[in-house]
$ cat upload-v1.txt   # compact mmCIF, C-alpha atoms and all ligand atoms
# COMPACT_ATOMS: atom_id res chain seq x y z
CA MET A 1 17.00 133.20 116.69
CA THR A 2 16.11 132.50 120.30
CA ILE A 3 18.70 131.12 122.63
CA ARG A 4 16.88 129.81 125.66
CA THR A 5 18.23 129.39 129.15
CA VAL A 6 19.34 125.81 129.73
CA LEU A 7 18.10 124.60 133.10
CA ARG A 8 20.81 123.28 135.36
CA LEU A 9 21.00 120.36 137.76
CA GLY A 10 19.01 121.31 140.84
CA GLU A 11 16.13 122.88 138.90
CA PRO A 12 13.19 120.55 139.74
CA LEU A 13 11.72 120.63 136.21
CA LEU A 14 14.68 118.50 135.09
CA ASN A 15 13.49 115.69 137.36
CA GLN A 16 9.95 115.60 136.00
CA CYS A 17 8.42 113.30 133.45
CA SER A 18 7.45 115.05 130.20
CA GLU A 19 4.10 114.73 128.42
CA ALA A 20 3.50 113.22 124.99
CA VAL A 21 3.10 115.70 122.13
CA ILE A 22 -0.44 115.56 120.79
CA ASP A 23 0.11 117.57 117.61
CA PRO A 24 3.66 117.22 116.21
CA GLY A 25 2.90 119.63 113.38
CA SER A 26 1.54 122.52 115.45
CA ALA A 27 3.04 126.01 115.33
CA GLU A 28 3.78 125.70 119.05
CA THR A 29 5.78 122.48 118.55
CA SER A 30 7.65 124.00 115.65
CA ARG A 31 8.59 127.06 117.72
CA ILE A 32 9.88 124.86 120.55
CA ILE A 33 12.01 122.84 118.10
CA GLU A 34 13.42 125.99 116.53
CA ASP A 35 14.43 127.33 119.95
CA MET A 36 15.96 123.96 120.81
CA PHE A 37 18.20 124.01 117.71
CA ASP A 38 19.24 127.63 118.30
CA THR A 39 20.08 126.79 121.91
CA MET A 40 21.89 123.51 121.19
CA LYS A 41 24.04 125.10 118.49
CA HIS A 42 24.83 128.15 120.58
CA TYR A 43 26.16 125.95 123.37
CA GLN A 44 27.80 123.51 120.91
CA GLY A 45 25.88 120.54 122.17
CA VAL A 46 25.28 117.35 120.20
CA GLY A 47 21.80 116.87 121.61
CA LEU A 48 19.09 118.59 123.61
CA ALA A 49 15.79 117.58 125.17
CA ALA A 50 12.82 119.95 125.54
CA PRO A 51 12.75 119.82 129.38
CA GLN A 52 16.26 121.30 129.36
CA ILE A 53 14.72 124.56 128.15
CA GLY A 54 11.84 124.19 130.60
CA VAL A 55 9.31 122.61 128.23
CA LEU A 56 7.91 119.34 129.59
CA LYS A 57 7.12 117.79 126.20
CA ARG A 58 8.52 114.59 124.72
CA ILE A 59 10.78 116.16 122.09
CA VAL A 60 14.50 115.55 121.59
CA ILE A 61 16.94 116.76 118.96
CA PHE A 62 20.48 115.55 118.25
CA GLY A 63 23.05 115.18 115.54
CA PHE A 64 26.38 116.39 114.27
CA LYS A 65 28.36 116.21 111.06
CA ASP A 66 32.11 116.57 111.34
CA ASN A 67 32.85 116.80 115.00
CA GLU A 68 36.59 117.14 115.53
CA ARG A 69 36.25 115.42 118.87
CA TYR A 70 34.91 112.31 117.17
CA PRO A 71 36.98 111.86 114.02
CA ASP A 72 36.37 108.11 114.11
CA GLN A 73 32.65 108.31 114.71
CA PRO A 74 30.29 108.23 111.78
CA PRO A 75 28.25 111.45 111.77
CA VAL A 76 24.89 111.27 113.50
CA PRO A 77 22.18 112.72 111.24
CA GLU A 78 20.49 115.85 112.50
CA THR A 79 17.26 114.46 113.89
CA ILE A 80 14.07 115.66 115.56
CA LEU A 81 12.28 112.94 117.48
CA ILE A 82 8.82 113.47 118.90
CA ASN A 83 7.38 110.95 121.38
CA PRO A 84 10.43 108.69 121.03
CA VAL A 85 10.49 105.05 122.12
CA ILE A 86 13.69 103.08 122.67
CA LYS A 87 14.05 99.32 122.53
CA VAL A 88 17.31 97.75 123.71
CA LEU A 89 18.36 95.14 121.13
CA ASP A 90 20.74 93.00 123.18
CA SER A 91 22.32 92.84 126.57
CA SER A 92 25.78 94.19 125.69
CA CYS A 93 26.67 97.41 127.48
CA GLU A 94 29.55 99.84 127.12
CA SER A 95 30.86 102.43 129.52
CA ASP A 96 31.92 105.87 128.29
CA TRP A 97 32.15 109.50 129.38
CA GLU A 98 29.18 111.82 129.01
CA GLY A 99 28.53 115.48 129.48
CA CYS A 100 25.27 117.38 129.71
CA LEU A 101 24.41 121.01 128.95
CA SER A 102 22.44 120.97 132.23
CA ILE A 103 25.59 120.00 134.17
CA PRO A 104 28.14 122.40 132.67
CA GLY A 105 31.83 121.73 133.19
CA MET A 106 31.36 118.19 134.49
CA ARG A 107 31.86 114.74 132.99
CA GLY A 108 30.93 111.29 134.19
CA ARG A 109 31.30 107.74 133.03
CA VAL A 110 28.08 105.91 132.30
CA SER A 111 27.37 102.37 131.19
CA ARG A 112 24.60 101.97 128.60
CA PRO A 113 23.32 99.36 126.14
CA VAL A 114 25.37 99.41 122.91
CA ARG A 115 22.63 98.57 120.41
CA ILE A 116 19.15 100.03 120.34
CA GLN A 117 16.22 100.52 118.05
CA TYR A 118 14.45 103.83 118.32
CA THR A 119 11.25 105.16 116.86
CA GLY A 120 9.59 108.54 116.97
CA LEU A 121 7.71 111.05 114.87
CA THR A 122 9.05 113.91 112.79
CA PRO A 123 7.21 117.27 112.87
CA GLN A 124 5.71 116.19 109.52
CA GLY A 125 4.14 113.21 111.25
CA GLU A 126 6.40 110.62 109.60
CA MET A 127 7.76 107.71 111.61
CA ILE A 128 11.52 107.41 112.10
CA ASP A 129 12.63 103.84 112.83
CA ARG A 130 16.38 103.19 113.18
CA GLU A 131 18.69 100.55 114.58
CA VAL A 132 21.88 102.17 115.81
CA GLU A 133 24.88 101.50 118.02
CA GLY A 134 27.81 103.13 119.77
CA PHE A 135 27.89 106.89 120.16
CA HIS A 136 24.65 107.41 118.23
CA ALA A 137 22.85 105.00 120.57
CA ARG A 138 24.38 106.69 123.62
CA VAL A 139 23.25 110.18 122.61
CA VAL A 140 19.68 109.03 121.94
CA GLN A 141 19.50 107.26 125.31
CA HIS A 142 20.93 110.29 127.11
CA GLU A 143 18.36 112.61 125.48
CA CYS A 144 15.40 110.30 126.03
CA ASP A 145 16.37 109.92 129.70
CA HIS A 146 15.74 113.67 130.05
CA LEU A 147 12.10 113.05 129.06
CA ASP A 148 11.73 110.80 132.09
CA GLY A 149 13.46 113.25 134.41
CA ILE A 150 16.72 111.29 134.47
CA LEU A 151 20.13 112.94 134.26
CA TYR A 152 23.30 110.95 133.60
CA VAL A 153 24.52 111.50 137.15
CA GLN A 154 21.74 109.15 138.26
CA ARG A 155 23.36 106.44 136.14
CA LEU A 156 26.99 106.81 137.24
CA ASP A 157 28.56 103.44 137.99
CA ASP A 158 31.30 104.88 140.13
CA MET A 159 31.36 108.36 141.66
CA ARG A 160 35.15 108.36 141.29
CA GLU A 161 34.58 108.58 137.56
CA PHE A 162 32.74 111.88 137.78
CA GLY A 163 34.40 115.27 137.95
CA PHE A 164 35.25 118.63 136.50
CA GLN A 165 36.16 118.47 132.84
CA ASP A 166 39.33 120.55 133.22
CA GLU A 167 40.62 118.31 136.02
CA LEU A 168 39.80 115.16 134.09
CA ASP A 169 41.53 116.67 131.01
CA ALA A 170 44.59 117.74 132.99
CA ASN A 171 44.88 114.30 134.52
CA HIS A 172 44.36 112.41 131.25
CA ARG A 173 41.44 110.48 132.62
CA TYR A 174 39.76 109.78 129.30
CA ASP A 175 40.54 106.65 127.34
CA THR A 176 38.30 107.97 124.57
CA PRO A 177 38.08 111.56 123.26
CA PRO A 178 36.49 113.97 125.73
CA PRO A 179 32.75 113.99 125.17
CA CYS A 180 30.46 116.80 124.07
CA ASP A 181 27.50 118.02 126.08
CA SER A 182 24.01 116.87 125.25
NI NI B 201 21.81 116.11 128.85
$ encode --input "upload-v1.txt" --output "structure tokens" --more "lines below"
Ligand code: NI
Amino acid sequence: MTIRTVLRLGEPLLNQCSEAVIDPGSAETSRIIEDMFDTMKHYQGVGLAAPQIGVLKRIVIFGFKDNERYPDQPPVPETILINPVIKVLDSSCESDWEGCLSIPGMRGRVSRPVRIQYTGLTPQGEMIDREVEGFHARVVQHECDHLDGILYVQRLDDMREFGFQDELDANHRYDTPPPCDS
């Protein structure tokens, strides 16, 4: 069990573009993924990207089963995606609150495409190919942004809809359940 330090906003590695993974099945890749799961679960995130633990490789993990904050959301299967590619399926967008383990204690409202297709490799070298929408689509987009050095704060529509979670909570600013970090 290795809980890694999660890099925080301001650390320049978070703004860099990550490299493709050449060998998804290598011992090195498997160790990185293990550390990512230990770290994500320790901090109760719903997703994590490798650069958040300082590894500039195109690996993301995400997923949750019964999250009490999202009773209406279908569970997102626990997934490891290596070298992911996202295709936006149509032009409809939706705005919702996001949090990030690299920006602890803060929340911001971000507009993103509702429906996407994503592909990527598993550590076994199999191709995952899914069409998803809603929260699932949002989490995948948030994680894959990390691989291109993009944090959600770069996508805020309105800086007035960005703030400390406890203030937003106290002032009932959410019209949806408060989000988890990813
Ligand atoms: Ni994040």
$ residues_near_ligand --input "upload-v1.txt" --ligand "ligand NI 201 (chain B)" --cutoff "10 Å" --atoms "all atoms listed in the file" --output "MDAnalysis selection string"
chainID A and resid 8:9 14 45:49 51:52 98:104 139 141:146 150:153 180:182
$ residues_around --input "upload-v1.txt" --residues "Leu168 of chain A" --least-positions-apart "6" --cutoff "10 Å" --atoms "only C-alpha atoms" --output "ChimeraX atom specification"
/A:106-108,161-162,174,178
$ atom_distance --input "upload-v1.txt" --atom1 "atom CA of Lys41 of chain A" --atom2 "atom CA of Gly54 of chain A"
17.2 Å
$ atom_distance --input "upload-v1.txt" --atom1 "atom CA of Arg115 of chain A" --atom2 "atom CA of Gly149 of chain A"
22.3 Å
$ closest_residue --input "upload-v1.txt" --among "A:Val60, A:Ala27, A:Leu89, A:Ile82" --to "Gly120 of chain A" --atoms "only C-alpha atoms"
A:Ile82
$ atom_distance --input "upload-v1.txt" --atom1 "atom CA of Thr79 of chain A" --atom2 "atom CA of Gly63 of chain A"
6.1 Å
$ residues_near_point --input "upload-v1.txt" --point "(35.4, 120.4, 134.3)" --cutoff "6 Å" --atoms "all atoms listed in the file" --output "PDB file with C-alpha atoms, in the coordinates of the input"
ATOM      1  CA  GLY A 105      31.830 121.730 133.190  1.00  0.00           C
ATOM      2  CA  MET A 106      31.360 118.190 134.490  1.00  0.00           C
ATOM      3  CA  PHE A 164      35.250 118.630 136.500  1.00  0.00           C
ATOM      4  CA  GLN A 165      36.160 118.470 132.840  1.00  0.00           C
ATOM      5  CA  ASP A 166      39.330 120.550 133.220  1.00  0.00           C
ATOM      6  CA  GLU A 167      40.620 118.310 136.020  1.00  0.00           C
TER       7      GLU A 167
END
$ closest_residue --input "upload-v1.txt" --among "A:Met127, A:Val110, A:Val140, A:Ile33" --to "Met1 of chain A" --atoms "all atoms listed in the file"
A:Ile33
$ closest_residue --input "upload-v1.txt" --among "A:Gln154, A:Thr122, A:Asn83, A:Gln73" --to "Arg109 of chain A" --atoms "only C-alpha atoms"
A:Gln154
$ closest_residue --input "upload-v1.txt" --among "A:Asp35, A:Pro77, A:Trp97, A:Pro24" --to "Arg173 of chain A" --atoms "all atoms listed in the file"
A:Trp97
$ closest_residue --input "upload-v1.txt" --among "A:Ile53, A:Pro113, A:Asp90, A:Gly134" --to "Glu11 of chain A" --atoms "only C-alpha atoms"
A:Ile53
